[in-house]
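Participant: To start, I am sharing the structure in question, which I have written as structure tokens.
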Amino acid sequence: MTADADDRHTIVCPCHDATLFDLKSMIRRGYTNPETLKRATAAFMGPCQGKFCAPLVRGVMVDLLGNPAVDAPRPTVRAPLHAVRLGALVDAQRVIRPGEPDTERR
Amino acid sequence: MALPAVTIAAPAATYDAVIIGAGIQGLALSYELSQQGVERIAVVDRSWPGSGASGRNGELIRSAFSSPEWSLLLAASLRRWEQLPGELDFNFLLHQPGYLILATTDEQYEQRRAEMDVHRSCGVQTELLDAAQVRKLIPALNPNMVRGGLLQPNGGFAHHDAVVWAYLRAATRRGVEVFADVEVLDVESAGGRVTGLSTSRGHIATPVVVNCAGGGAVAINQMAGVDIPIRVNRLQMIVTEPIKPVVPTAVACPTILGYCHQTSRGEFVGGTELPGIDETESVHGTYDLLQDMATSFVSLFPLLGGVRVLRHWAGTVTQTADLAPVIDQADRLTNFFVSCGWVYGFMAAPATAQLLAAYIATGRKDALIAPFDIERLHTGRLIAEGSLVVPGEEHR
């Protein structure tokens, strides 16, 4: 197999099936900051929010751009740190359940 | 540089026009200005293109508003949206599955019904749906939250990052130079006219400056000494794990001050607001909004109670007393133009850029942008728009 074909079969982001080929082509095209590479490939944007892929993506960036060119280790980490069911976050006093008559909330 | 087509060299010493802010407003304007024949255009951004609200918004598109001012401008914008994928040669995932403004009360339902006269006169196609029709369209809605709704069948959404890339590529192909990491330090003028900018990468002489700085627009107006009553507001959103398709259209719900849609990947994406302005430049999320979004969206779509939220973020906009934008030239500083005060800026950018570019290039202001002037904010003749899901003036 060619190097490209190998890269196409190497998954870096299992959440969104982003491959090494996807990452390399987007970096070569000019998405050279972790924040922009994220938006171009969907790495960091799946259920793991980068916990799995961040070190791998950084490795690819360092390989292609060199250490000094990678100006940020990974995109901003946002809450929640772990995925949380929305039902666990609701304000029980205000939430409207099916079967309740009141739709006037404010 | 962080994005394809961003200019790596330092800005030149002079340009025919400089646009501050490489979000969708600034980039679209640069593209349309070049179409107007303006030759040497620079766009400067303190970060990378699309890093502000252009990459943080709800990416929704509609033209059904309660006022003719909003409906006419946004109708022109929707027509422009439909031309752009071909014209810019970029598939930014424009989807038009419909945009539903949900009515949860009789009062809202009658209000939506009354707005249809405006839609008809502005050429905006809408349908009033009763409760049964809304529930059939979106079975996942909580029946207790459904009194009816107004559906705009050709409303929808587009992938906001890709729209930025599309304009960025199209503009730079036409010779526009787009600079990242350039901070504007001062707006210079002489004899009541703009003469240039002092920036973190040197001085730029230019006869035309346009403030498209989004959440940063207040500071730019201050540098120019221009008095425009706009204030910063932080808005927040969440995205969930991907789920099966349950939200077929874009949805706005005035009762929860919320808006949402489901992406083609299956993520539920939406935001709500609490009453009052959250006047900060921080782009971090806060727990009160996370709880409000969970409460509001689980109320609207009970099945979301079992769906995990992956990420919660924020972005900043500037807004005016009537929540309408400011698209104008400063009255005491010739050739200092503004396109700011945007809360619905993503959906309105395509037409606004085209019309503002024509105004800058020819001096003739189109009737569609004329209502959005600076003067109305000083005289108090505000635009009455009643279908926005944005909070009003008072502080939180």
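FYI, nothing fancy with the structure tokens labels: chains A, B, ... in order, residues from 1 per chain, ligands from 1 as they appear.
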As a PyMOL selection string, please: every residue in segment 185-396 of chain B that a backbone DSSP assignment puts in alpha helix (DSSP H).
Facilitator: chain B and resi 217-224+287-300+345-362+375-379
Participant: Leaving out segment 49-65 of chain A and any residue of its chain fewer than 5 positions from it, which residues lie within 12 Å of it when counting only C-alpha atoms, given as an NGL selection string?
Facilitator: (:A and (7 or 10-35 or 37-38 or 41-44 or 70-83)) or (:B and (1-2 or 239-241 or 309-312))
Participant: What residues in chain A have any atom no more than 8 Å from chain B when counting only C-alpha atoms, and can you write them as an NGL selection string?
Facilitator: :A and (29-33 or 36 or 39 or 46-47 or 49 or 78-80 or 82-92 or 94-106)
Participant: Just N, CA and C atoms for this one: save the residues we selected as a tab-separated table (two decimals), in the first residue's frame.
Facilitator:
chain	number	residue	atom	x	y	z
A	29	ARG	N	-3.10	21.84	3.87
A	29	ARG	CA	-3.93	22.86	3.22
A	29	ARG	C	-3.85	24.19	3.97
A	30	GLY	N	-3.43	24.15	5.24
A	30	GLY	CA	-3.25	25.41	5.95
A	30	GLY	C	-3.96	25.52	7.29
A	31	TYR	N	-4.63	24.45	7.70
A	31	TYR	CA	-5.28	24.48	9.03
A	31	TYR	C	-4.24	24.06	10.06
A	32	THR	N	-3.42	25.02	10.47
A	32	THR	CA	-2.21	24.68	11.21
A	32	THR	C	-2.25	25.06	12.68
A	33	ASN	N	-3.42	25.42	13.17
A	33	ASN	CA	-3.59	25.70	14.59
A	33	ASN	C	-4.56	24.65	15.12
A	36	THR	N	-8.19	25.53	14.54
A	36	THR	CA	-8.73	25.49	13.18
A	36	THR	C	-8.72	24.07	12.63
A	39	ARG	N	-11.83	22.33	13.70
A	39	ARG	CA	-13.02	22.66	12.93
A	39	ARG	C	-12.98	22.06	11.53
A	46	GLY	N	-15.91	15.07	19.19
A	46	GLY	CA	-16.81	13.95	19.46
A	46	GLY	C	-17.03	13.72	20.94
A	47	PRO	N	-17.63	12.60	21.27
A	47	PRO	CA	-17.92	12.30	22.68
A	47	PRO	C	-16.70	12.35	23.60
A	49	GLN	N	-14.27	14.50	23.35
A	49	GLN	CA	-13.85	15.90	23.45
A	49	GLN	C	-12.33	16.04	23.51
A	78	ARG	N	-13.61	22.71	27.44
A	78	ARG	CA	-14.85	23.32	27.93
A	78	ARG	C	-15.57	22.36	28.86
A	79	ALA	N	-16.40	22.92	29.72
A	79	ALA	CA	-17.26	22.10	30.57
A	79	ALA	C	-18.33	21.43	29.70
A	80	PRO	N	-18.89	20.29	30.12
A	80	PRO	CA	-18.48	19.50	31.28
A	80	PRO	C	-17.26	18.64	30.97
A	82	HIS	N	-16.69	15.61	31.75
A	82	HIS	CA	-17.22	14.34	31.23
A	82	HIS	C	-18.65	14.59	30.76
A	83	ALA	N	-19.05	13.85	29.73
A	83	ALA	CA	-20.41	14.03	29.21
A	83	ALA	C	-21.43	13.78	30.32
A	84	VAL	N	-22.40	14.67	30.43
A	84	VAL	CA	-23.42	14.59	31.48
A	84	VAL	C	-24.80	14.59	30.83
A	85	ARG	N	-25.69	13.73	31.34
A	85	ARG	CA	-27.05	13.74	30.80
A	85	ARG	C	-27.73	15.06	31.14
A	86	LEU	N	-28.41	15.64	30.16
A	86	LEU	CA	-29.08	16.92	30.38
A	86	LEU	C	-30.08	16.81	31.53
A	87	GLY	N	-30.71	15.61	31.65
A	87	GLY	CA	-31.69	15.42	32.71
A	87	GLY	C	-31.11	15.61	34.10
A	88	ALA	N	-29.79	15.37	34.23
A	88	ALA	CA	-29.15	15.52	35.53
A	88	ALA	C	-28.89	16.98	35.87
A	89	LEU	N	-28.98	17.86	34.88
A	89	LEU	CA	-28.65	19.27	35.09
A	89	LEU	C	-29.87	20.16	35.26
A	90	VAL	N	-31.08	19.61	35.04
A	90	VAL	CA	-32.25	20.48	35.03
A	90	VAL	C	-32.58	21.01	36.43
A	91	ASP	N	-33.19	22.17	36.44
A	91	ASP	CA	-33.75	22.74	37.66
A	91	ASP	C	-35.14	22.13	37.83
A	92	ALA	N	-35.27	21.24	38.81
A	92	ALA	CA	-36.52	20.48	38.96
A	92	ALA	C	-37.72	21.39	39.23
A	94	ARG	N	-38.33	24.21	37.76
A	94	ARG	CA	-38.74	24.95	36.57
A	94	ARG	C	-39.04	24.06	35.37
A	95	VAL	N	-38.54	22.86	35.37
A	95	VAL	CA	-38.69	22.03	34.17
A	95	VAL	C	-40.16	21.67	33.97
A	96	ILE	N	-40.59	21.63	32.71
A	96	ILE	CA	-41.98	21.29	32.40
A	96	ILE	C	-42.00	19.88	31.83
A	97	ARG	N	-42.71	18.99	32.51
A	97	ARG	CA	-42.80	17.60	32.07
A	97	ARG	C	-44.05	17.42	31.21
A	98	PRO	N	-44.03	16.45	30.30
A	98	PRO	CA	-45.25	16.15	29.56
A	98	PRO	C	-46.34	15.76	30.57
A	99	GLY	N	-47.55	16.21	30.35
A	99	GLY	CA	-48.64	15.86	31.26
A	99	GLY	C	-48.90	16.94	32.30
A	100	GLU	N	-47.99	17.93	32.39
A	100	GLU	CA	-48.24	19.04	33.30
A	100	GLU	C	-48.95	20.15	32.54
A	101	PRO	N	-49.91	20.81	33.17
A	101	PRO	CA	-50.71	21.78	32.42
A	101	PRO	C	-50.03	23.13	32.18
A	102	ASP	N	-49.09	23.52	33.02
A	102	ASP	CA	-48.62	24.91	33.01
A	102	ASP	C	-47.53	25.12	31.97
A	103	THR	N	-47.79	25.96	30.97
A	103	THR	CA	-46.76	26.27	30.00
A	103	THR	C	-46.24	27.69	30.17
A	104	GLU	N	-46.73	28.41	31.19
A	104	GLU	CA	-46.26	29.78	31.42
A	104	GLU	C	-45.04	29.70	32.33
A	105	ARG	N	-43.88	29.92	31.74
A	105	ARG	CA	-42.66	29.73	32.53
A	105	ARG	C	-42.12	31.03	33.08
A	106	ARG	N	-42.26	32.09	32.35
A	106	ARG	CA	-41.74	33.35	32.89
A	106	ARG	C	-42.81	34.40	32.81
Participant: Leaving out His261 of chain B and any residue of its chain fewer than 2 positions from it, which residues lie within 12 Å of it when counting only C-alpha atoms, given as a PyMOL selection string?
Facilitator: chain B and resi 57-61+95-100+138+155-159+237-240+245-253+258-259+263-271+297+301
Participant: What does the distance from atom CA of Pro207 of chain B to atom CA of Glu188 of chain B come to in Å, to one decimal?
Facilitator: 10.2 Å
Participant: If you run DSSP on the backbone here, which positions in chain A get strand (DSSP E)? Please write them as a PyMOL selection string.
Facilitator: chain A and resi 11-13+18-19+84-85
Participant: Restricting the calculation to only C-alpha atoms: of B:Pro254, B:Gly214, B:Pro371, B:Gly225, which residue gets closest to Gly26 of chain B?
Facilitator: B:Gly214
Participant: Take atom CA of Arg40 of chain B and atom CA of Asp16 of chain B and report the distance between them in Å, one decimal.
Facilitator: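 So the answer is 5.1 Å.
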Participant: Would you mind reading off the distance between atom CA of Leu88 of chain B and atom CA of Arg169 of chain B, one decimal, in Å?
Facilitator: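 Distance between the two atoms: 8.1 Å.
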